[in-house]
Every structure is written in C-alpha cells, then in structure tokens.
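Everything below belongs to start_4.tsv, which stores TSV, C-alpha atoms.
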chain	number	residue	atom	x	y	z
A	1	MET	CA	6.71	-7.86	26.55
A	2	LYS	CA	3.26	-7.56	28.08
A	3	ALA	CA	0.38	-8.67	25.86
A	4	ILE	CA	-3.29	-9.60	26.01
A	5	VAL	CA	-4.03	-13.10	24.72
A	6	VAL	CA	-7.16	-15.13	24.00
A	7	ARG	CA	-7.13	-18.92	24.34
A	8	ASP	CA	-10.73	-20.13	24.19
A	9	GLN	CA	-13.15	-19.19	21.43
A	10	ALA	CA	-16.17	-20.18	23.54
A	11	ALA	CA	-15.07	-17.80	26.31
A	12	GLY	CA	-14.60	-14.87	23.93
A	13	THR	CA	-13.37	-11.66	25.54
A	14	ALA	CA	-14.08	-13.13	28.98
A	15	GLY	CA	-11.15	-15.50	28.33
A	16	MET	CA	-8.65	-12.69	27.82
A	17	ALA	CA	-5.51	-12.65	29.97
A	18	LEU	CA	-2.52	-10.34	30.43
A	19	VAL	CA	0.67	-12.37	29.95
A	20	GLU	CA	4.35	-12.06	29.09
A	21	ARG	CA	5.22	-12.90	25.48
A	22	PRO	CA	8.47	-12.70	23.47
A	23	GLU	CA	8.87	-9.57	21.40
A	24	PRO	CA	8.07	-10.31	17.74
A	25	PRO	CA	10.81	-10.40	15.10
A	26	ALA	CA	10.57	-8.40	11.87
A	27	ALA	CA	10.11	-10.66	8.84
A	28	ILE	CA	10.84	-9.60	5.25
A	29	ASN	CA	9.04	-6.32	4.45
A	30	ASP	CA	7.93	-6.01	8.10
A	31	VAL	CA	8.49	-3.38	10.70
A	32	VAL	CA	8.27	-3.82	14.44
A	33	VAL	CA	6.25	-1.06	16.06
A	34	GLN	CA	6.35	-0.05	19.70
A	35	VAL	CA	2.62	0.24	20.30
A	36	HIS	CA	1.44	3.39	22.04
A	37	ALA	CA	-2.30	2.86	21.59
A	38	SER	CA	-4.43	-0.02	20.30
A	39	GLY	CA	-7.98	-0.46	19.08
A	40	PHE	CA	-10.10	-3.60	19.38
A	41	VAL	CA	-13.25	-4.68	17.55
A	42	PRO	CA	-15.63	-6.60	19.87
A	43	THR	CA	-16.46	-9.16	17.16
A	44	GLU	CA	-12.82	-10.24	16.77
A	45	THR	CA	-13.38	-13.30	18.92
A	46	GLU	CA	-15.89	-14.49	16.31
A	47	TRP	CA	-13.42	-14.18	13.42
A	48	PRO	CA	-11.79	-17.47	12.28
A	49	SER	CA	-8.52	-15.58	11.76
A	50	THR	CA	-8.28	-14.90	15.51
A	51	TRP	CA	-7.95	-18.63	16.13
A	52	THR	CA	-6.24	-20.13	13.07
A	53	ASP	CA	-3.61	-19.18	10.51
A	54	ARG	CA	-4.13	-19.15	6.74
A	55	ALA	CA	-3.52	-22.91	6.58
A	56	ASP	CA	-6.30	-23.39	9.17
A	57	ARG	CA	-3.82	-24.42	11.88
A	58	ASP	CA	-4.55	-23.46	15.48
A	59	ARG	CA	-2.58	-20.39	16.53
A	60	THR	CA	-3.79	-19.88	20.07
A	61	PRO	CA	-2.97	-18.31	22.41
A	62	SER	CA	-3.21	-15.37	20.02
A	63	ILE	CA	-2.91	-11.63	20.60
A	64	PRO	CA	-6.04	-9.77	19.37
A	65	GLY	CA	-6.37	-6.14	18.29
A	66	HIS	CA	-5.71	-5.05	14.71
A	67	GLU	CA	-5.47	-1.26	14.76
A	68	MET	CA	-2.76	0.74	16.40
A	69	ALA	CA	-0.59	3.80	16.55
A	70	GLY	CA	3.05	3.78	17.64
A	71	VAL	CA	6.68	4.22	16.70
A	72	VAL	CA	8.79	2.06	14.37
A	73	THR	CA	11.65	0.36	16.24
A	74	THR	CA	12.97	-2.22	13.74
A	75	LEU	CA	12.98	-2.65	9.96
A	76	GLY	CA	12.81	-6.12	8.44
A	77	TYR	CA	14.95	-7.16	5.49
A	78	GLY	CA	13.91	-5.34	2.33
A	79	THR	CA	11.56	-2.95	4.09
A	80	THR	CA	11.26	0.44	2.42
A	81	GLY	CA	9.11	3.52	2.85
A	82	LEU	CA	9.36	3.78	6.64
A	83	SER	CA	12.20	4.52	9.05
A	84	VAL	CA	13.18	3.72	12.63
A	85	GLY	CA	11.73	6.30	15.00
A	86	GLN	CA	8.85	7.20	12.68
A	87	ARG	CA	5.33	7.65	14.07
A	88	VAL	CA	2.86	5.40	12.26
A	89	PHE	CA	-0.69	4.06	12.45
A	90	GLY	CA	-2.71	1.43	10.62
A	91	ILE	CA	-4.10	-2.09	10.49
A	92	THR	CA	-2.24	-5.33	11.18
A	93	ASP	CA	-2.81	-8.65	9.40
A	94	TRP	CA	-5.90	-10.57	10.54
A	95	HIS	CA	-4.03	-13.90	10.79
A	96	ARG	CA	-1.05	-12.63	12.81
A	97	ASP	CA	-0.69	-11.58	16.42
A	98	GLY	CA	-2.21	-8.17	16.90
A	99	THR	CA	-1.79	-4.88	18.68
A	100	LEU	CA	-2.90	-5.45	22.29
A	101	ALA	CA	0.77	-5.73	23.18
A	102	GLU	CA	3.80	-3.57	23.76
A	103	TYR	CA	5.23	-4.46	20.34
A	104	VAL	CA	3.74	-5.76	17.10
A	105	ALA	CA	5.26	-6.94	13.79
A	106	VAL	CA	3.36	-5.70	10.75
A	107	GLU	CA	3.92	-5.39	7.02
A	108	ALA	CA	5.14	-1.88	6.27
A	109	ARG	CA	2.58	-1.48	3.46
A	110	ASN	CA	-0.23	-1.66	6.05
A	111	LEU	CA	0.94	1.48	7.85
A	112	ALA	CA	0.78	5.20	7.16
A	113	PRO	CA	2.88	8.01	8.62
A	114	LEU	CA	1.25	9.65	11.63
A	115	PRO	CA	1.63	13.44	11.79
A	116	GLY	CA	3.16	14.71	15.00
A	117	ASP	CA	0.12	16.80	15.91
A	118	VAL	CA	-2.25	13.78	16.09
A	119	ASP	CA	-2.35	11.97	19.42
A	120	PHE	CA	-1.67	8.23	19.43
A	121	THR	CA	-5.01	7.55	21.15
A	122	VAL	CA	-6.91	9.41	18.45
A	123	ALA	CA	-4.94	7.69	15.69
A	124	ALA	CA	-5.60	4.19	17.08
A	125	SER	CA	-9.35	4.80	16.81
A	126	LEU	CA	-9.21	5.57	13.09
A	127	PRO	CA	-7.93	2.65	10.97
A	128	ILE	CA	-10.74	0.07	10.94
A	129	SER	CA	-13.66	2.45	11.48
A	130	GLY	CA	-12.32	5.09	9.13
A	131	LEU	CA	-11.27	2.73	6.32
A	132	THR	CA	-14.49	0.71	6.59
A	133	ALA	CA	-16.54	3.87	6.17
A	134	TRP	CA	-14.33	5.24	3.39
A	135	GLN	CA	-14.27	2.03	1.35
A	136	GLY	CA	-17.96	1.29	1.84
A	137	LEU	CA	-19.04	4.76	0.79
A	138	PHE	CA	-16.62	5.64	-2.00
A	139	GLN	CA	-15.14	2.41	-3.39
A	140	HIS	CA	-18.10	0.06	-3.10
A	141	GLY	CA	-21.00	2.49	-2.79
A	142	ARG	CA	-19.70	5.00	-5.37
A	143	LEU	CA	-21.31	7.80	-3.35
A	144	GLN	CA	-21.89	11.09	-5.17
A	145	ALA	CA	-22.84	14.54	-3.90
A	146	GLY	CA	-26.60	14.99	-3.64
A	147	GLN	CA	-27.32	11.32	-2.93
A	148	SER	CA	-28.94	9.99	0.25
A	149	VAL	CA	-27.39	7.53	2.70
A	150	LEU	CA	-29.12	5.37	5.30
A	151	ALA	CA	-26.45	4.80	7.95
A	152	HIS	CA	-27.29	2.00	10.36
A	153	GLY	CA	-25.65	2.14	13.80
A	154	ALA	CA	-25.09	5.85	13.28
A	155	ALA	CA	-23.82	6.45	16.83
A	156	GLY	CA	-21.26	3.62	16.68
A	157	ALA	CA	-17.57	3.68	15.77
A	158	VAL	CA	-18.18	2.95	12.08
A	159	GLY	CA	-21.50	4.77	11.86
A	160	THR	CA	-20.16	8.09	13.08
A	161	MET	CA	-17.39	7.87	10.46
A	162	VAL	CA	-19.93	6.98	7.75
A	163	THR	CA	-22.08	9.95	8.71
A	164	GLN	CA	-19.25	12.47	8.72
A	165	LEU	CA	-17.59	11.27	5.51
A	166	ALA	CA	-20.93	11.10	3.69
A	167	ARG	CA	-21.90	14.60	4.83
A	168	GLY	CA	-18.48	15.85	3.79
A	169	ALA	CA	-19.08	14.41	0.33
A	170	GLY	CA	-22.35	16.31	0.01
A	171	ALA	CA	-24.78	13.48	0.82
A	172	TYR	CA	-27.98	13.60	2.88
A	173	VAL	CA	-27.62	11.23	5.85
A	174	ILE	CA	-30.36	9.41	7.74
A	175	GLY	CA	-28.98	7.64	10.81
A	176	THR	CA	-30.50	4.72	12.69
A	177	GLY	CA	-30.03	3.14	16.10
A	178	ARG	CA	-31.59	2.91	19.53
A	179	ALA	CA	-33.59	5.76	21.00
A	180	ALA	CA	-30.69	6.65	23.32
A	181	ASP	CA	-28.42	7.10	20.28
A	182	ARG	CA	-30.50	9.82	18.63
A	183	GLN	CA	-28.69	12.88	19.93
A	184	LYS	CA	-25.24	11.45	19.36
A	185	ALA	CA	-26.08	10.50	15.77
A	186	LEU	CA	-27.40	14.01	15.15
A	187	ASP	CA	-24.34	15.56	16.82
A	188	PHE	CA	-22.09	13.66	14.39
A	189	GLY	CA	-24.04	15.04	11.43
A	190	ALA	CA	-27.05	12.85	10.71
A	191	GLN	CA	-29.85	15.01	9.33
A	192	GLU	CA	-32.60	12.59	10.38
A	193	PHE	CA	-32.73	9.70	12.84
A	194	VAL	CA	-34.78	6.51	12.86
A	195	ASP	CA	-35.27	4.73	16.20
A	196	LEU	CA	-35.27	1.11	15.04
A	197	ASP	CA	-37.23	0.01	18.11
A	198	ASN	CA	-40.05	2.50	17.82
A	199	ASP	CA	-40.05	4.17	14.40
A	200	SER	CA	-40.98	2.66	11.04
A	201	LEU	CA	-37.88	2.13	8.90
A	202	GLU	CA	-40.03	2.06	5.77
A	203	ASP	CA	-41.11	5.66	6.39
A	204	VAL	CA	-37.62	6.72	5.27
A	205	GLY	CA	-38.65	6.22	1.65
A	206	GLY	CA	-36.11	5.67	-1.11
A	207	VAL	CA	-32.36	6.10	-0.59
A	208	ASP	CA	-29.33	5.76	-2.85
A	209	LEU	CA	-27.05	3.91	-0.43
A	210	VAL	CA	-27.61	1.80	2.67
A	211	PHE	CA	-24.58	1.25	4.92
A	212	ASP	CA	-25.40	-1.88	6.92
A	213	VAL	CA	-23.60	-2.92	10.11
A	214	ILE	CA	-26.52	-4.91	11.55
A	215	GLY	CA	-27.63	-7.59	9.09
A	216	GLY	CA	-30.65	-9.84	9.56
A	217	ASP	CA	-34.16	-8.46	9.25
A	218	ILE	CA	-33.00	-4.84	9.22
A	219	GLN	CA	-30.76	-5.56	6.25
A	220	HIS	CA	-33.58	-7.26	4.31
A	221	ARG	CA	-35.99	-4.40	5.01
A	222	SER	CA	-33.34	-1.89	4.02
A	223	ALA	CA	-32.85	-3.57	0.64
A	224	GLY	CA	-36.40	-2.59	-0.23
A	225	LEU	CA	-35.53	1.09	0.22
A	226	ILE	CA	-32.80	1.19	-2.44
A	227	ARG	CA	-33.58	3.44	-5.39
A	228	SER	CA	-32.82	2.35	-8.96
A	229	GLY	CA	-29.07	2.10	-9.42
A	230	GLY	CA	-28.42	2.31	-5.67
A	231	THR	CA	-26.32	0.06	-3.45
A	232	LEU	CA	-26.66	-1.83	-0.18
A	233	VAL	CA	-23.18	-2.03	1.37
A	234	THR	CA	-22.69	-4.44	4.27
A	235	VAL	CA	-19.83	-5.45	6.55
A	236	VAL	CA	-21.59	-8.29	8.38
A	237	GLY	CA	-20.76	-11.07	5.92
A	238	PRO	CA	-22.27	-12.47	2.72
A	239	SER	CA	-25.74	-11.07	2.18
A	240	GLU	CA	-28.89	-12.65	0.80
A	241	ALA	CA	-30.66	-9.27	0.71
A	242	ARG	CA	-30.92	-7.95	-2.83
A	243	PRO	CA	-32.44	-4.63	-3.88
A	244	ALA	CA	-34.92	-5.05	-6.73
A	245	VAL	CA	-33.17	-2.40	-8.84
A	246	GLY	CA	-29.72	-2.06	-7.26
A	247	LEU	CA	-26.64	-3.86	-6.02
A	248	THR	CA	-25.54	-5.52	-2.79
A	249	VAL	CA	-21.84	-5.40	-1.90
A	250	ASP	CA	-20.37	-7.19	1.12
A	251	PHE	CA	-16.72	-6.49	1.85
A	252	VAL	CA	-13.89	-6.85	4.34
A	253	VAL	CA	-11.91	-3.70	5.03
A	254	GLU	CA	-8.40	-3.54	3.59
A	255	SER	CA	-5.44	-1.46	4.63
A	256	ASP	CA	-4.67	1.46	2.34
A	257	ARG	CA	-1.92	3.97	3.09
A	258	THR	CA	-3.36	6.70	0.87
A	259	GLN	CA	-6.81	6.43	2.40
A	260	LEU	CA	-5.36	6.43	5.94
A	261	SER	CA	-3.51	9.64	5.10
A	262	GLU	CA	-6.71	11.19	3.74
A	263	ILE	CA	-8.59	10.23	6.91
A	264	VAL	CA	-5.99	11.56	9.33
A	265	GLN	CA	-5.78	14.82	7.36
A	266	ARG	CA	-9.53	15.27	7.89
A	267	VAL	CA	-8.96	14.82	11.63
A	268	ARG	CA	-6.20	17.43	11.56
A	269	ASP	CA	-8.28	20.06	9.80
A	270	GLY	CA	-11.42	19.45	11.87
A	271	ARG	CA	-13.58	17.75	9.25
A	272	LEU	CA	-13.61	14.43	11.12
A	273	ARG	CA	-14.13	13.72	14.82
A	274	THR	CA	-13.31	10.46	16.55
A	275	ASN	CA	-15.80	8.47	18.60
A	276	ILE	CA	-13.84	7.30	21.66
A	277	GLY	CA	-15.90	6.20	24.62
A	278	ASN	CA	-13.25	4.83	26.98
A	279	VAL	CA	-9.44	4.82	27.30
A	280	ALA	CA	-7.74	2.22	29.50
A	281	THR	CA	-4.20	1.00	30.14
A	282	LEU	CA	-2.87	-2.36	29.00
A	283	ASP	CA	-2.86	-3.53	32.63
A	284	ASN	CA	-6.59	-2.77	32.80
A	285	ALA	CA	-7.45	-3.89	29.27
A	286	VAL	CA	-9.18	-7.15	30.20
A	287	ALA	CA	-11.70	-5.32	32.39
A	288	ALA	CA	-12.11	-2.48	29.89
A	289	LEU	CA	-12.86	-4.89	27.05
A	290	ASN	CA	-15.41	-6.74	29.19
A	291	PRO	CA	-17.56	-3.80	30.31
A	292	THR	CA	-20.50	-4.32	32.63
A	293	GLU	CA	-22.46	-1.54	30.92
A	294	ARG	CA	-22.76	-0.25	27.38
A	295	ILE	CA	-19.86	1.98	26.33
A	296	ASN	CA	-20.95	4.87	24.14
A	297	GLY	CA	-18.02	4.89	21.69
A	298	LYS	CA	-14.85	2.96	20.94
A	299	THR	CA	-12.57	1.63	23.69
A	300	ILE	CA	-8.89	2.39	23.13
A	301	ILE	CA	-6.10	0.72	25.07
A	302	ARG	CA	-3.27	3.12	25.83
A	303	VAL	CA	-0.25	0.79	25.89
A	304	ARG	CA	2.34	3.44	26.74
A	305	PRO	CA	1.68	6.50	28.94
Starting from the file, give its structure as structure tokens.
Amino acid sequence: MKAIVVRDQAAGTAGMALVERPEPPAAINDVVVQVHASGFVPTETEWPSTWTDRADRDRTPSIPGHEMAGVVTTLGYGTTGLSVGQRVFGITDWHRDGTLAEYVAVEARNLAPLPGDVDFTVAASLPISGLTAWQGLFQHGRLQAGQSVLAHGAAGAVGTMVTQLARGAGAYVIGTGRAADRQKALDFGAQEFVDLDNDSLEDVGGVDLVFDVIGGDIQHRSAGLIRSGGTLVTVVGPSEARPAVGLTVDFVVESDRTQLSEIVQRVRDGRLRTNIGNVATLDNAVAALNPTERINGKTIIRVRP
C-alpha cells in the first residue's frame, strides 16, 4: 500500500516521504480499515508516541495521522460491534502506525459508525478536534448553560468546535486569536473576539471556563480570569498556571464511540460545521502538510477518490 512515513524527528514534517508499505494485519479486537480520508495534527512530530512504542523502543519509519474515515475490510479475531463493509470514523492509537495510508489497523472500540449521508472528508476532520472540544468542555470543564467560555485559538480546528459546542450548550463565548481570525471566529459563533496581539486580554473580565490551546504567558494570564469555581482546561501539556479560586485540568483526548456519534449527529442536523481549509490527495500529501503559507482551517488528505 501507499503510505506517508516520517523517519527523522529533527526534520519534522519536512522529512515526510511517500513510500510503499505492507498492508497491516488485524490483531485481536482490531479491524483493518480502507482509509478514504485522513486528518493530521501538525504537532504530531513533537509527540514521543510518533517515534517510539509503549516500551520506548524506536518504531521509525512510522506512519503519522490519527484520525480517519473509511470502510472496514477485515475483522480481527474476537472483534465485535463492527462488520466488513461498514463505514466508520474515529481515532487510531497514538503508538501505532496511523492513517496517512491506504489501510490502517485500529482497535474496533476506537471507531464509530459513519452515517451514509456524511462525506468521508467531513468525517475525517471531526475525531480529534471534535472529541477534544467535547471532553474539554463537558467532561473536564463541566460546562453549564449560562456560563462564559474564553476560547483561545477560536478560528482553529479545535477552537471552532469549542465555540460551536459551547454555544449549543447555552454558553457565552469569547474567542481569541490573531486580528485576521476575527471574522472567522465570529462566523463560527463567538460573541466577542480578543485580538491577542493588539487587545488587552484582561479586559475580558471574569469567565467560568478557559479553553487553552496556546500555553505559556497567555495561559498564565488566562488563569487570573477564572471566576470562583471555574476551570482552566488545557491541551498543551502539564500546566503550572493555577486559578486562585478554580481548577486547572490538562488532558489528552481519548476515543469515545458515543461522543463521536453525538458529534456526527450534530453535523448531520446542521448544529456543527467543520473547519476544513485544504483537501489534498495522498500523492500530494507531503506538499500539503508542509504549506508555504498559513492554511485557514484543517488539512484533510483524501486517500481514495
């Protein structure tokens, strides 16, 4: 099969190459999926799991990409809940070869059925961004109607999901980003926007939940905005920022079939829009994932026409 591999951590995405690899076998409780579309998170080349297995052994050259949509072709021994020929989407294991390939082996529990009226390209853009937003807001942030959310990176793949899901839950959303992101953040539902380069973040006042995708100084300043009983939720690693009267939660997104089904249903009924900036073929994936200019939205690799 054709696949994109990475070999050199120092080179990052610039070290990607399109190669031929053997098709993966289905282990116990696995399925093999013929990938139709794949997502990629630009920070993957910084993740230890891209380069080593769980025993810290080198596993390069490895296939990146951990979100996909496709069709089940093989069931592993003991696999239940899915069938050959079924449309599915979801997240693959961080420590195993990923989805920038024509086929991927993945534990069946990490996948959800994909309704026939949702395009593979749309579905491949949902798993990491959608689940990150869902889990940060509702599991870790315990968001309630009437609360306020400060959504950093509000025009990005995660931020647009955070904004829409928070608004759908009855929250008031203040988005942040660069000046050029203002209109997009507002189009996706932010009720206010803070230009982090030119506006004063502190003018926001108190909020109930901060959703942080930036870290550093912005995260520390945001902690000071948390109201009593509020939460700073972050996905950029362990945090030293602590609200004076609230909680800080850092988390890594987990696959969840029920949540995936909830997210895709919101896409079907128009409550949730995707944020896709570019679609490229597998043959052109290396160039697409090394853009020479900023892409406004998520890049999806369409593996099959």
Self-check item: Pick from A:Ile174, A:Leu225, A:Ala179, A:Ala37, whichever lies nearest to Thr160 in chain A using only C-alpha atoms
Solution: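 Using only C-alpha atoms, Thr160 in chain A sits closest to A:Ile174.
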If we count all atoms listed in the file, what is near Thr92 in chain A at a cut-off of 10 Å, once residues fewer than 2 positions away on the same chain are taken out, given as a tab-separated table (two decimals) with C-alpha atoms, in the coordinates of the input?
chain	number	residue	atom	x	y	z
A	65	GLY	CA	-6.37	-6.14	18.29
A	66	HIS	CA	-5.71	-5.05	14.71
A	67	GLU	CA	-5.47	-1.26	14.76
A	68	MET	CA	-2.76	0.74	16.40
A	89	PHE	CA	-0.69	4.06	12.45
A	90	GLY	CA	-2.71	1.43	10.62
A	94	TRP	CA	-5.90	-10.57	10.54
A	95	HIS	CA	-4.03	-13.90	10.79
A	96	ARG	CA	-1.05	-12.63	12.81
A	97	ASP	CA	-0.69	-11.58	16.42
A	98	GLY	CA	-2.21	-8.17	16.90
A	99	THR	CA	-1.79	-4.88	18.68
A	104	VAL	CA	3.74	-5.76	17.10
A	105	ALA	CA	5.26	-6.94	13.79
A	106	VAL	CA	3.36	-5.70	10.75
A	107	GLU	CA	3.92	-5.39	7.02
A	108	ALA	CA	5.14	-1.88	6.27
A	109	ARG	CA	2.58	-1.48	3.46
A	110	ASN	CA	-0.23	-1.66	6.05
A	111	LEU	CA	0.94	1.48	7.85
A	127	PRO	CA	-7.93	2.65	10.97
A	254	GLU	CA	-8.40	-3.54	3.59
A	255	SER	CA	-5.44	-1.46	4.63
Quiz prompt | Pick from A:Ser62, A:Gln164, A:Ser200, A:Thr45, whichever lies nearest to Ser129 in chain A using all atoms listed in the file | solution =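 Of all the options, A:Gln164 lies closest to Ser129 in chain A.
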Self-check item: Option closest in space to Thr163 in chain A, from A:Gly270, A:Gly175, A:Gly216, A:Pro61 [counting all atoms listed in the file]
Solution: A:Gly175
Range 295-303 of chain A, all listed atoms, 6 Å padding on each side: what axis-aligned box centre and edge lengths in Å to one decimal come out, as AutoDock Vina command-line options?
--center_x -10.6 --center_y 2.8 --center_z 23.6 --size_x 32.7 --size_y 16.2 --size_z 17.4
Practice problem: Find the spatial neighbours of Asn290 in chain A, counting all atoms listed in the file, within a cut-off of 9 Å - ignore same-chain residues fewer than 4 positions away - and output them as a ChimeraX atom specification. | Solution: /A:13-14,285-286
Selected residues written out, C-alpha atoms, as an mmCIF file, in the frame of the given file:
data_model
loop_
_atom_site.group_PDB
_atom_site.id
_atom_site.type_symbol
_atom_site.label_atom_id
_atom_site.label_comp_id
_atom_site.auth_asym_id
_atom_site.auth_seq_id
_atom_site.Cartn_x
_atom_site.Cartn_y
_atom_site.Cartn_z
ATOM 1 C CA THR A 13 -13.370 -11.660 25.540
ATOM 2 C CA ALA A 14 -14.080 -13.130 28.980
ATOM 3 C CA ALA A 285 -7.450 -3.890 29.270
ATOM 4 C CA VAL A 286 -9.180 -7.150 30.200
#
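Picture a line from CA of Pro115 in chain A to CA of Asn275 in chain A; it runs 19.4 Å.
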Quiz prompt | Which residue of A:Val173, A:Ala101, A:Ala241, A:Leu201 approaches His220 in chain A most closely, using all atoms listed in the file | solution = A:Ala241
Practice problem: Have a look at CA of Gly297 in chain A and CA of Thr176 in chain A and let me know their distance in Å, one decimal. | Solution: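 Straight-line distance from CA of Gly297 in chain A to CA of Thr176 in chain A works out to 15.4 Å.
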Quiz item: So how far away is CA of Ala280 in chain A from CA of Thr292 in chain A, in Å?
Solution: 14.7 Å
Quiz item: Given the choices A:Val118, A:Leu82, A:Glu293, A:Arg21, which gets closest to Arg266 in chain A if the distance is worked out from only C-alpha atoms?
Solution: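 Ranking A:Val118, A:Leu82, A:Glu293, A:Arg21 by distance to Arg266 in chain A, first place goes to A:Val118.
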Practice problem: Would you mind telling me which residue in A:Ala10, A:Ile128, A:Val5, A:Gln219 lies nearest to Val252 in chain A when using all atoms listed in the file? | Solution: A:Ile128
Quiz item: Leaving out Glu192 in chain A and any residue of its chain fewer than 4 positions from it, which residues lie within 12 Å of it when counting all atoms listed in the file, given as a ChimeraX atom specification?
Solution: /A:148-152,154,163,172-177,182-188,199,201,203-204
Quiz item: So which residues touch Asp117 in chain A within 12 Å, counting only C-alpha atoms, skipping near sequence neighbours fewer than 4 positions away, as a list in words?
Solution: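 The neighbour list is Arg87, Pro113, Thr121, Val122, Ala123, Val264, Gln265, Val267, Arg268 and Asp269 of chain A.
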Self-check item: Arg294 in chain A surroundings by all atoms listed in the file, 12 Å radius, close-in-sequence under 6 positions cut, as an NGL selection string
Solution: :A and (156 or 180-181 or 277-278 or 288)
